[in-house]
Structures are given as C-alpha cells and as structure tokens.
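**Q** For reference, this is final-v8.cif, and it has mmCIF, C-alpha atoms.
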data_structure
#
loop_
_atom_site.group_PDB
_atom_site.id
_atom_site.type_symbol
_atom_site.label_atom_id
_atom_site.label_comp_id
_atom_site.auth_asym_id
_atom_site.auth_seq_id
_atom_site.Cartn_x
_atom_site.Cartn_y
_atom_site.Cartn_z
ATOM 1 C CA MET D 1224 102.190 137.561 104.138
ATOM 2 C CA ASP D 1225 101.203 134.333 102.370
ATOM 3 C CA GLN D 1226 99.001 132.817 105.040
ATOM 4 C CA ASP D 1227 99.274 129.175 103.913
ATOM 5 C CA THR D 1228 103.072 129.372 103.797
ATOM 6 C CA MET D 1229 103.187 131.116 107.156
ATOM 7 C CA LEU D 1230 100.953 128.480 108.730
ATOM 8 C CA ALA D 1231 103.229 125.716 107.433
ATOM 9 C CA VAL D 1232 106.269 127.487 108.909
ATOM 10 C CA PHE D 1233 104.463 127.868 112.237
ATOM 11 C CA ASP D 1234 103.479 124.191 112.333
ATOM 12 C CA ARG D 1235 107.028 123.090 111.549
ATOM 13 C CA GLU D 1236 108.886 125.406 113.915
ATOM 14 C CA MET D 1237 106.465 125.935 116.786
ATOM 15 C CA ARG D 1238 104.551 122.680 116.984
ATOM 16 C CA GLN D 1239 106.589 119.823 115.516
ATOM 17 C CA GLY D 1240 109.840 121.444 116.661
ATOM 18 C CA ILE D 1241 108.659 122.704 120.046
ATOM 19 C CA ARG D 1242 111.137 122.864 122.922
ATOM 20 C CA ALA D 1243 110.392 122.554 126.632
ATOM 21 C CA ASP D 1244 109.237 125.878 128.085
ATOM 22 C CA GLU D 1245 110.488 125.521 131.668
ATOM 23 C CA PRO D 1246 113.375 123.908 133.559
ATOM 24 C CA GLY D 1247 112.700 120.233 134.175
ATOM 25 C CA ALA D 1248 110.049 119.942 131.461
ATOM 26 C CA ARG D 1249 110.493 117.717 128.434
ATOM 27 C CA VAL D 1250 109.150 117.226 124.906
ATOM 28 C CA GLU D 1251 108.356 113.717 123.693
ATOM 29 C CA ARG D 1252 107.547 112.540 120.170
ATOM 30 C CA VAL D 1253 105.488 109.365 120.260
ATOM 31 C CA GLY D 1254 103.788 107.923 117.200
ATOM 32 C CA GLY D 1255 101.746 110.649 115.587
ATOM 33 C CA VAL D 1256 101.864 113.190 118.405
ATOM 34 C CA VAL D 1257 104.264 115.645 120.029
ATOM 35 C CA ARG D 1258 103.588 116.203 123.723
ATOM 36 C CA HIS D 1259 104.957 118.599 126.331
ATOM 37 C CA VAL D 1260 105.382 117.186 129.818
ATOM 38 C CA GLY D 1261 105.747 119.775 132.570
ATOM 39 C CA ALA D 1262 108.303 119.554 135.321
ATOM 40 C CA ASP D 1263 105.428 118.677 137.685
ATOM 41 C CA ALA D 1264 101.633 118.672 137.810
ATOM 42 C CA ASP D 1265 101.534 122.488 138.010
ATOM 43 C CA GLY D 1266 103.557 122.807 134.794
ATOM 44 C CA TRP D 1267 101.961 122.793 131.364
ATOM 45 C CA ASN D 1268 101.112 119.292 130.138
ATOM 46 C CA GLY D 1269 99.633 118.776 126.716
ATOM 47 C CA ILE D 1270 99.628 117.729 123.081
ATOM 48 C CA VAL D 1271 100.982 120.443 120.802
ATOM 49 C CA TRP D 1272 100.953 118.686 117.413
ATOM 50 C CA SER D 1273 99.452 115.581 115.885
ATOM 51 C CA HIS D 1274 99.509 113.822 112.525
ATOM 52 C CA LEU D 1275 96.542 111.464 112.643
ATOM 53 C CA ASP D 1276 93.833 110.064 110.411
ATOM 54 C CA GLU D 1277 90.521 108.267 110.866
ATOM 55 C CA ALA D 1278 92.280 104.933 111.402
ATOM 56 C CA THR D 1279 94.795 106.126 114.032
ATOM 57 C CA ALA D 1280 93.091 108.972 115.908
ATOM 58 C CA ASP D 1281 91.122 107.063 118.564
ATOM 59 C CA ALA D 1282 94.073 104.887 119.561
ATOM 60 C CA ALA D 1283 96.373 107.909 119.767
ATOM 61 C CA VAL D 1284 93.915 109.799 121.966
ATOM 62 C CA ALA D 1285 93.484 106.784 124.262
ATOM 63 C CA GLU D 1286 97.265 106.346 124.478
ATOM 64 C CA GLN D 1287 97.750 109.955 125.615
ATOM 65 C CA VAL D 1288 94.981 109.698 128.208
ATOM 66 C CA GLU D 1289 96.583 106.545 129.564
ATOM 67 C CA TYR D 1290 100.015 108.178 129.632
ATOM 68 C CA PHE D 1291 98.985 111.305 131.542
ATOM 69 C CA THR D 1292 96.782 109.212 133.846
ATOM 70 C CA SER D 1293 99.886 107.207 134.755
ATOM 71 C CA LEU D 1294 101.532 110.510 135.747
ATOM 72 C CA GLY D 1295 98.480 111.634 137.706
ATOM 73 C CA ARG D 1296 98.175 114.793 135.621
ATOM 74 C CA GLY D 1297 95.459 116.573 133.750
ATOM 75 C CA PHE D 1298 96.459 117.758 130.300
ATOM 76 C CA GLU D 1299 95.392 119.761 127.284
ATOM 77 C CA TRP D 1300 95.107 118.720 123.657
ATOM 78 C CA LYS D 1301 95.842 121.950 121.803
ATOM 79 C CA LEU D 1302 93.758 121.524 118.665
ATOM 80 C CA TYR D 1303 94.084 123.751 115.602
ATOM 81 C CA GLY D 1304 91.363 124.234 113.020
ATOM 82 C CA HIS D 1305 93.371 122.576 110.240
ATOM 83 C CA ASP D 1306 94.332 119.471 112.254
ATOM 84 C CA ARG D 1307 93.164 116.110 110.962
ATOM 85 C CA PRO D 1308 91.043 114.099 110.934
ATOM 86 C CA ALA D 1309 88.278 116.650 110.532
ATOM 87 C CA ASP D 1310 86.183 114.965 113.225
ATOM 88 C CA LEU D 1311 88.981 115.023 115.827
ATOM 89 C CA PRO D 1312 87.012 117.508 118.007
ATOM 90 C CA GLY D 1313 84.171 114.970 118.338
ATOM 91 C CA ARG D 1314 86.609 112.170 119.083
ATOM 92 C CA LEU D 1315 88.195 114.234 121.852
ATOM 93 C CA ARG D 1316 84.797 114.993 123.377
ATOM 94 C CA ALA D 1317 83.926 111.304 123.266
ATOM 95 C CA ALA D 1318 87.164 110.590 125.155
ATOM 96 C CA GLY D 1319 86.168 112.951 127.962
ATOM 97 C CA PHE D 1320 87.842 116.177 126.866
ATOM 98 C CA VAL D 1321 86.089 119.497 127.426
ATOM 99 C CA PRO D 1322 86.683 122.351 124.956
ATOM 100 C CA GLU D 1323 87.614 125.753 126.309
ATOM 101 C CA PRO D 1324 86.895 128.991 124.398
ATOM 102 C CA GLU D 1325 88.229 129.101 120.877
ATOM 103 C CA GLU D 1326 91.122 131.467 120.158
ATOM 104 C CA THR D 1327 92.716 132.725 116.957
ATOM 105 C CA LEU D 1328 96.322 132.040 116.011
ATOM 106 C CA MET D 1329 97.666 135.408 114.814
ATOM 107 C CA VAL D 1330 101.124 136.238 113.433
ATOM 108 C CA ALA D 1331 102.846 139.476 112.483
ATOM 109 C CA ASP D 1332 106.167 140.421 110.921
ATOM 110 C CA ILE D 1333 107.991 142.305 113.670
ATOM 111 C CA LYS D 1334 109.329 144.935 111.287
ATOM 112 C CA ASP D 1335 105.741 145.998 110.528
ATOM 113 C CA LEU D 1336 104.735 146.491 114.186
ATOM 114 C CA PRO D 1337 104.954 149.635 116.327
ATOM 115 C CA THR D 1338 107.560 149.622 119.084
ATOM 116 C CA SER D 1339 106.783 153.008 120.620
ATOM 117 C CA VAL D 1340 105.230 152.571 124.071
ATOM 118 C CA GLU D 1341 102.390 155.043 124.660
ATOM 119 C CA LEU D 1342 100.724 154.842 128.065
ATOM 120 C CA PRO D 1343 97.712 156.577 129.592
ATOM 121 C CA GLU D 1344 98.471 159.212 132.198
ATOM 122 C CA GLY D 1345 99.398 157.770 135.573
ATOM 123 C CA VAL D 1346 100.477 154.354 134.239
ATOM 124 C CA ARG D 1347 104.044 153.064 134.066
ATOM 125 C CA LEU D 1348 105.560 149.766 132.935
ATOM 126 C CA LEU D 1349 107.539 147.690 135.402
ATOM 127 C CA PRO D 1350 109.709 144.833 134.076
ATOM 128 C CA VAL D 1351 109.468 141.763 136.310
ATOM 129 C CA THR D 1352 112.946 141.216 137.726
ATOM 130 C CA ASP D 1353 112.290 139.593 141.124
ATOM 131 C CA ALA D 1354 109.772 137.527 143.081
ATOM 132 C CA ALA D 1355 107.903 140.629 144.194
ATOM 133 C CA GLY D 1356 107.391 141.561 140.559
ATOM 134 C CA VAL D 1357 106.086 138.072 139.846
ATOM 135 C CA GLU D 1358 103.436 138.526 142.537
ATOM 136 C CA LEU D 1359 102.368 141.850 141.012
ATOM 137 C CA ALA D 1360 102.050 140.198 137.587
ATOM 138 C CA VAL D 1361 100.059 137.292 139.006
ATOM 139 C CA ALA D 1362 97.750 139.652 140.888
ATOM 140 C CA ALA D 1363 97.002 141.583 137.684
ATOM 141 C CA GLN D 1364 96.434 138.369 135.723
ATOM 142 C CA GLU D 1365 94.106 136.853 138.294
ATOM 143 C CA ARG D 1366 91.981 140.008 138.406
ATOM 144 C CA ALA D 1367 91.986 140.306 134.613
ATOM 145 C CA PHE D 1368 90.953 136.708 133.966
ATOM 146 C CA GLY D 1369 88.957 136.050 137.117
ATOM 147 C CA GLU D 1370 90.770 132.851 138.075
ATOM 148 C CA ALA D 1371 93.758 131.567 140.033
ATOM 149 C CA ARG D 1372 96.866 131.002 137.908
ATOM 150 C CA PRO D 1373 99.420 128.882 139.801
ATOM 151 C CA TYR D 1374 101.011 127.785 136.529
ATOM 152 C CA HIS D 1375 101.608 131.431 135.592
ATOM 153 C CA ARG D 1376 103.464 132.080 138.867
ATOM 154 C CA GLN D 1377 105.622 128.989 138.397
ATOM 155 C CA LEU D 1378 106.400 129.895 134.798
ATOM 156 C CA LEU D 1379 107.430 133.462 135.629
ATOM 157 C CA LEU D 1380 109.674 132.279 138.460
ATOM 158 C CA GLY D 1381 111.249 129.776 136.073
ATOM 159 C CA GLN D 1382 111.872 132.487 133.494
ATOM 160 C CA LEU D 1383 113.538 134.646 136.136
ATOM 161 C CA ALA D 1384 115.784 131.773 137.242
ATOM 162 C CA ALA D 1385 116.769 131.074 133.629
ATOM 163 C CA GLY D 1386 117.621 134.726 132.910
ATOM 164 C CA LEU D 1387 114.996 135.008 130.165
ATOM 165 C CA PRO D 1388 113.515 138.362 129.094
ATOM 166 C CA PRO D 1389 111.262 139.669 131.848
ATOM 167 C CA ALA D 1390 107.516 139.785 131.928
ATOM 168 C CA VAL D 1391 106.059 143.259 132.317
ATOM 169 C CA VAL D 1392 103.435 144.759 134.620
ATOM 170 C CA ALA D 1393 101.492 147.968 134.038
ATOM 171 C CA MET D 1394 101.186 149.871 137.302
ATOM 172 C CA ALA D 1395 98.670 152.613 138.095
ATOM 173 C CA GLY D 1396 100.386 154.049 141.114
ATOM 174 C CA ASP D 1397 100.999 151.042 143.347
ATOM 175 C CA VAL D 1398 98.228 148.941 141.788
ATOM 176 C CA PRO D 1399 98.987 146.325 139.074
ATOM 177 C CA VAL D 1400 96.417 146.763 136.297
ATOM 178 C CA SER D 1401 97.812 144.624 133.476
ATOM 179 C CA ALA D 1402 100.539 142.077 132.889
ATOM 180 C CA ALA D 1403 101.997 140.053 130.060
ATOM 181 C CA ARG D 1404 104.940 137.854 129.248
ATOM 182 C CA MET D 1405 106.853 136.757 126.184
ATOM 183 C CA GLU D 1406 108.653 133.600 125.173
ATOM 184 C CA LEU D 1407 111.622 133.554 122.830
ATOM 185 C CA HIS D 1408 111.979 130.317 120.880
ATOM 186 C CA PRO D 1409 115.636 129.628 120.018
ATOM 187 C CA GLY D 1410 116.191 128.029 116.642
ATOM 188 C CA THR D 1411 112.926 129.431 115.265
ATOM 189 C CA SER D 1412 111.756 132.660 113.638
ATOM 190 C CA PHE D 1413 109.201 133.268 116.381
ATOM 191 C CA ALA D 1414 108.735 134.988 119.671
ATOM 192 C CA SER D 1415 105.318 134.539 121.244
ATOM 193 C CA LEU D 1416 103.159 136.790 123.378
ATOM 194 C CA TRP D 1417 101.223 135.329 126.296
ATOM 195 C CA GLY D 1418 99.056 136.311 129.195
ATOM 196 C CA GLY D 1419 98.157 139.831 128.126
ATOM 197 C CA GLY D 1420 95.325 140.700 130.484
ATOM 198 C CA THR D 1421 94.035 144.032 131.786
ATOM 199 C CA VAL D 1422 91.719 144.528 134.750
ATOM 200 C CA PRO D 1423 88.220 145.612 133.695
ATOM 201 C CA GLU D 1424 88.377 149.259 134.779
ATOM 202 C CA TRP D 1425 91.508 149.893 132.694
ATOM 203 C CA ARG D 1426 90.428 148.261 129.443
ATOM 204 C CA GLY D 1427 90.103 150.379 126.319
ATOM 205 C CA ARG D 1428 92.773 152.888 127.371
ATOM 206 C CA GLY D 1429 95.741 151.599 125.392
ATOM 207 C CA VAL D 1430 97.451 149.582 128.114
ATOM 208 C CA TYR D 1431 97.287 146.307 126.157
ATOM 209 C CA ARG D 1432 98.739 147.990 123.051
ATOM 210 C CA ALA D 1433 101.589 149.375 125.135
ATOM 211 C CA LEU D 1434 102.429 145.912 126.457
ATOM 212 C CA VAL D 1435 102.516 144.572 122.891
ATOM 213 C CA ALA D 1436 104.850 147.372 121.770
ATOM 214 C CA PHE D 1437 107.148 146.823 124.762
ATOM 215 C CA ARG D 1438 107.530 143.138 123.981
ATOM 216 C CA THR D 1439 107.824 143.714 120.233
ATOM 217 C CA ARG D 1440 110.866 145.900 120.862
ATOM 218 C CA ILE D 1441 112.503 143.182 122.978
ATOM 219 C CA ALA D 1442 111.836 140.527 120.321
ATOM 220 C CA ALA D 1443 113.341 142.768 117.641
ATOM 221 C CA GLU D 1444 116.432 143.368 119.767
ATOM 222 C CA HIS D 1445 116.891 139.591 120.020
ATOM 223 C CA GLY D 1446 116.708 139.160 116.240
ATOM 224 C CA TYR D 1447 113.332 137.435 115.881
ATOM 225 C CA ARG D 1448 111.301 137.901 112.710
ATOM 226 C CA TYR D 1449 107.727 137.065 113.754
ATOM 227 C CA LEU D 1450 105.448 137.487 116.742
ATOM 228 C CA GLN D 1451 102.733 134.926 117.458
ATOM 229 C CA VAL D 1452 99.661 135.276 119.674
ATOM 230 C CA ASP D 1453 96.750 132.997 120.578
ATOM 231 C CA ALA D 1454 94.196 135.801 120.587
ATOM 232 C CA SER D 1455 90.941 135.943 122.502
ATOM 233 C CA ASP D 1456 87.853 137.697 121.177
ATOM 234 C CA GLN D 1457 88.859 140.752 123.212
ATOM 235 C CA SER D 1458 92.427 141.036 121.951
ATOM 236 C CA ARG D 1459 91.870 139.968 118.320
ATOM 237 C CA PRO D 1460 90.508 143.346 117.067
ATOM 238 C CA ILE D 1461 93.377 145.247 118.713
ATOM 239 C CA LEU D 1462 95.969 142.913 117.237
ATOM 240 C CA ARG D 1463 94.452 143.176 113.747
ATOM 241 C CA ARG D 1464 94.702 146.952 113.917
ATOM 242 C CA LEU D 1465 98.354 146.619 114.914
ATOM 243 C CA GLY D 1466 99.090 144.405 111.905
ATOM 244 C CA PHE D 1467 98.643 140.806 113.076
ATOM 245 C CA VAL D 1468 97.126 138.357 110.570
ATOM 246 C CA PRO D 1469 94.809 135.478 111.592
ATOM 247 C CA LEU D 1470 96.073 132.084 110.397
ATOM 248 C CA ALA D 1471 93.886 129.486 112.134
ATOM 249 C CA THR D 1472 91.642 128.831 115.088
ATOM 250 C CA THR D 1473 92.961 127.020 118.125
ATOM 251 C CA THR D 1474 90.942 125.389 120.895
ATOM 252 C CA PRO D 1475 92.233 123.828 124.116
ATOM 253 C CA TYR D 1476 90.568 120.467 124.792
ATOM 254 C CA VAL D 1477 91.145 119.676 128.460
ATOM 255 C CA ARG D 1478 91.108 116.494 130.556
ATOM 256 C CA ALA D 1479 91.381 117.929 134.063
ATOM 257 C CA ASP D 1480 89.669 115.015 135.774
ATOM 258 C CA LEU D 1481 92.801 112.877 135.793
ATOM 259 C CA THR D 1482 94.141 114.694 138.854
ATOM 260 C CA GLN D 1483 93.036 117.116 141.507
ATOM 261 C CA ASN D 1484 96.064 119.309 140.744
ATOM 262 C CA ALA D 1485 95.571 119.912 137.030
ATOM 263 C CA PRO D 1486 96.719 123.375 135.807
#
If you took the structure in this file and wrote it as structure tokens, what would it be?
**A**
Amino acid sequence: MDQDTMLAVFDREMRQGIRADEPGARVERVGGVVRHVGADADGWNGIVWSHLDEATADAAVAEQVEYFTSLGRGFEWKLYGHDRPADLPGRLRAAGFVPEPEETLMVADIKDLPTSVELPEGVRLLPVTDAAGVELAVAAQERAFGEARPYHRQLLLGQLAAGLPPAVVAMAGDVPVSAARMELHPGTSFASLWGGGTVPEWRGRGVYRALVAFRTRIAAEHGYRYLQVDASDQSRPILRRLGFVPLATTTPYVRADLTQNAP
C-alpha cells in the first residue's frame, strides 16, 4: 500500500465527500470546511475536513463556533496530523477547544485480512437486530470505556431503523463483554470500524480480533475494498498484527461548553 496515495484517497472519499451518518443529519460545505450536523444535540456534530491557511484559519474557526453556538450544540473539530496550517492545534486551543486523546488512522485492504471468527471458550457473537440488542451493546461499551454513551445508543437505533448491517455484541453467557459496529459508506471504497471496546476482565483473549473478523466478512460481502479504523493505543498493536497500516494521527478537539447536552 502506497501510504501517501491511500491518505489522499481517504481524504477525498471519507472527509471531503462524507455523507450524513444518521437519519435527519446533514453535511454542509461552507468556505474551507466540511461539517456534519447531527439530527439533534445528541447526534454527532463536528468538522470533518478543512482546507485552511494562516490567513483564513482563525476566521473559519470562529465562524464554526458561532454556527454551533446558534444551534445550542457542542461539537468536535476532527483534526488530522497533516491538516494545515501546521499551527491549527494551537489556534483551536486558543478558541476554547480541548483536545481528547490522539488516535491513529489505520487502513487495510480487506482481501488481506482474516475473516475467520475465533472466539475464546464460552463466548458467542450476537448480531444486534432489535432494541434489546442495542442495550446489550451499549452496556458493553459503557463498561469498556467507563463513560455514558447516549450518542452510541441513538446511532445503533438509527442503523436498525435504516436496515443497515448490524452491530455485534460478544456475550459470555448472558453478560455482554464487548461490542462494536461498522459503517458502510456508499459511493466510496471504504467501510469503517467503530466502537470496538472490551470490558477489562476479557481483554487479551481474542475477543476484539473476533469482532474485527466478523465485520471484515460483512464488508467483503458488500463489495468494499478497504477498512478504516481510528485506533486507540490499545487497539493499534492488534490492528497492525492483522494487517492494518497507520496513515496519520487524528485528534478530536472538542467545544462541549456550548451546550449542556453535548455528545
């Protein structure tokens, strides 16, 4: 994989060409930015791509703060390591944004990935096909990440209503121990993996790898060429062993103070 070429394809298809990810959401292209506006304050609101320079950056940042303030919504500026200007992180901090932990954009060619699901004894995979399954997935996610995830619940319910491929929960008996979802991006080469989280006592046993393989198989069946992940420090080594290649860093810069109901 030529990493520079792959990064350019990702920017073009998945950032500049992004589509709304839930019913009622919209994508707007204003000046030098592309923003995603959720269906409501609990949806995902943020900047996914920008083409700025030293002369335009501050005004563009101020414009987006003013816009989301008018909606009463917090939002995220999803910054990638190759975005310009080079001092955009400092400009965002100066405008009141707070950086969250850095992640790594990783991509793999689906044909090079394993699709055989191998689970530890006593664990089974349960596709999320109803509201009860959504609650199991949310319970696993909240334990895995140690935080409430109302946006995740809303997103999974929206995917169910739209007939999109299901999320998946790993169950140890009747207890949800891991969960993950996938998004298919029509008109692009990419499917993306999200939310892969395993509760602490089940980490290191192959559950995360099984969830990746399960979703890889679905993406292949739908004709996608690449899988994309925003990988944490925990998942990055596993994904590298599976065949994913790091392309860039990505850091969420968040303005949650604009509303009490920010995601």
**Q** Residues of segment 1335-1394 of chain D within 8 Å of segment 1237-1248 of chain D: nearest atom pair and distance (Å, one decimal) for each, counting only C-alpha atoms, sorted by chain and number, as CSV?
**A**
residue,atom,partner,partner_atom,distance
D:Leu1378,CA,D:Glu1245,CA,6.8
D:Gly1381,CA,D:Glu1245,CA,6.2
D:Gln1382,CA,D:Glu1245,CA,7.3
D:Ala1385,CA,D:Pro1246,CA,7.9
**Q** Written as a ChimeraX atom specification, which residues does the PyMOL selection byres ((chain D and resi 1359) around 10) give for the file shown?
**A** /D:1349,1351,1354-1358,1360-1364,1391-1394,1397-1402
**Q** Which of these residues is nearest to Leu1275 of chain D, using all atoms listed in the file: D:Val1260, D:Asp1310, D:Arg1249, D:His1408?
**A**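 The answer is D:Asp1310, which sits nearest to Leu1275 of chain D.
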**Q** What does the structure give for the distance between atom CA of Ala1280 of chain D and atom CA of Pro1312 of chain D, in Å to one decimal?
**A**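 Atom-to-atom, atom CA of Ala1280 of chain D and atom CA of Pro1312 of chain D are spaced 10.7 Å apart.
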**Q** Could you list, as a list of chain:residue names, every residue within 12 Å of Phe1291 of chain D, counting only C-alpha atoms and ignoring same-chain residues fewer than 5 positions away?
**A** D:Arg1258, D:His1259, D:Val1260, D:Gly1261, D:Asp1263, D:Ala1264, D:Trp1267, D:Asn1268, D:Gly1269, D:Ile1270, D:Val1284, D:Ala1285, D:Glu1286, D:Arg1296, D:Gly1297, D:Phe1298, D:Glu1299, D:Trp1300, D:Val1477, D:Arg1478, D:Ala1479, D:Asp1480, D:Leu1481, D:Thr1482, D:Ala1485
**Q** Could the residues in this selection be saved with C-alpha atoms as a PDB file, keeping the file's coordinate frame?
**A**
ATOM      1  CA  ARG D1258     103.588 116.203 123.723  1.00  0.00           C
ATOM      2  CA  HIS D1259     104.957 118.599 126.331  1.00  0.00           C
ATOM      3  CA  VAL D1260     105.382 117.186 129.818  1.00  0.00           C
ATOM      4  CA  GLY D1261     105.747 119.775 132.570  1.00  0.00           C
ATOM      5  CA  ASP D1263     105.428 118.677 137.685  1.00  0.00           C
ATOM      6  CA  ALA D1264     101.633 118.672 137.810  1.00  0.00           C
ATOM      7  CA  TRP D1267     101.961 122.793 131.364  1.00  0.00           C
ATOM      8  CA  ASN D1268     101.112 119.292 130.138  1.00  0.00           C
ATOM      9  CA  GLY D1269      99.633 118.776 126.716  1.00  0.00           C
ATOM     10  CA  ILE D1270      99.628 117.729 123.081  1.00  0.00           C
ATOM     11  CA  VAL D1284      93.915 109.799 121.966  1.00  0.00           C
ATOM     12  CA  ALA D1285      93.484 106.784 124.262  1.00  0.00           C
ATOM     13  CA  GLU D1286      97.265 106.346 124.478  1.00  0.00           C
ATOM     14  CA  ARG D1296      98.175 114.793 135.621  1.00  0.00           C
ATOM     15  CA  GLY D1297      95.459 116.573 133.750  1.00  0.00           C
ATOM     16  CA  PHE D1298      96.459 117.758 130.300  1.00  0.00           C
ATOM     17  CA  GLU D1299      95.392 119.761 127.284  1.00  0.00           C
ATOM     18  CA  TRP D1300      95.107 118.720 123.657  1.00  0.00           C
ATOM     19  CA  VAL D1477      91.145 119.676 128.460  1.00  0.00           C
ATOM     20  CA  ARG D1478      91.108 116.494 130.556  1.00  0.00           C
ATOM     21  CA  ALA D1479      91.381 117.929 134.063  1.00  0.00           C
ATOM     22  CA  ASP D1480      89.669 115.015 135.774  1.00  0.00           C
ATOM     23  CA  LEU D1481      92.801 112.877 135.793  1.00  0.00           C
ATOM     24  CA  THR D1482      94.141 114.694 138.854  1.00  0.00           C
ATOM     25  CA  ALA D1485      95.571 119.912 137.030  1.00  0.00           C
TER      26      ALA D1485
END
**Q** Set out as a tab-separated table a contact list for segment 1225-1344 of chain D and segment 1440-1451 of chain D with a cut-off of 12 Å, giving each residue of segment 1225-1344 of chain D that qualifies its closest atom pair and distance in Å to one decimal, counting only C-alpha atoms, ordered by chain and rising residue number.
**A**
residue	atom	partner	partner_atom	distance
D:Met1229	CA	D:Tyr1449	CA	10.0
D:Leu1230	CA	D:Gln1451	CA	11.0
D:Val1232	CA	D:Tyr1449	CA	10.8
D:Phe1233	CA	D:Gln1451	CA	8.9
D:Asp1234	CA	D:Gln1451	CA	11.9
D:Glu1236	CA	D:Tyr1449	CA	11.7
D:Met1237	CA	D:Gln1451	CA	9.8
D:Thr1327	CA	D:Gln1451	CA	10.3
D:Leu1328	CA	D:Gln1451	CA	7.2
D:Met1329	CA	D:Gln1451	CA	5.7
D:Val1330	CA	D:Gln1451	CA	4.5
D:Ala1331	CA	D:Leu1450	CA	5.4
D:Asp1332	CA	D:Tyr1449	CA	4.7
D:Ile1333	CA	D:Tyr1449	CA	5.2
D:Lys1334	CA	D:Arg1448	CA	7.4
D:Asp1335	CA	D:Tyr1449	CA	9.7
D:Leu1336	CA	D:Arg1440	CA	9.1
D:Pro1337	CA	D:Arg1440	CA	8.3
D:Thr1338	CA	D:Arg1440	CA	5.3
D:Ser1339	CA	D:Arg1440	CA	8.2
D:Val1340	CA	D:Arg1440	CA	9.3
**Q** Those selected residues, please, written with C-alpha atoms and delivered as a CSV table (one decimal), in the frame of the given file.
**A**
chain,number,residue,atom,x,y,z
D,1229,MET,CA,103.2,131.1,107.2
D,1230,LEU,CA,101.0,128.5,108.7
D,1232,VAL,CA,106.3,127.5,108.9
D,1233,PHE,CA,104.5,127.9,112.2
D,1234,ASP,CA,103.5,124.2,112.3
D,1236,GLU,CA,108.9,125.4,113.9
D,1237,MET,CA,106.5,125.9,116.8
D,1327,THR,CA,92.7,132.7,117.0
D,1328,LEU,CA,96.3,132.0,116.0
D,1329,MET,CA,97.7,135.4,114.8
D,1330,VAL,CA,101.1,136.2,113.4
D,1331,ALA,CA,102.8,139.5,112.5
D,1332,ASP,CA,106.2,140.4,110.9
D,1333,ILE,CA,108.0,142.3,113.7
D,1334,LYS,CA,109.3,144.9,111.3
D,1335,ASP,CA,105.7,146.0,110.5
D,1336,LEU,CA,104.7,146.5,114.2
D,1337,PRO,CA,105.0,149.6,116.3
D,1338,THR,CA,107.6,149.6,119.1
D,1339,SER,CA,106.8,153.0,120.6
D,1340,VAL,CA,105.2,152.6,124.1
**Q** If we count only C-alpha atoms and set the cut-off at 9 Å, which residues sit around Asp1306 of chain D, ignoring sequence neighbours fewer than 2 positions away in its own chain? Please answer as a CSV table (one decimal) with C-alpha atoms, keeping the file's coordinate frame.
**A**
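Output contents, as saved in out_13.csv:
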chain,number,residue,atom,x,y,z
D,1272,TRP,CA,101.0,118.7,117.4
D,1273,SER,CA,99.5,115.6,115.9
D,1274,HIS,CA,99.5,113.8,112.5
D,1275,LEU,CA,96.5,111.5,112.6
D,1302,LEU,CA,93.8,121.5,118.7
D,1303,TYR,CA,94.1,123.8,115.6
D,1304,GLY,CA,91.4,124.2,113.0
D,1308,PRO,CA,91.0,114.1,110.9
D,1309,ALA,CA,88.3,116.6,110.5
D,1311,LEU,CA,89.0,115.0,115.8
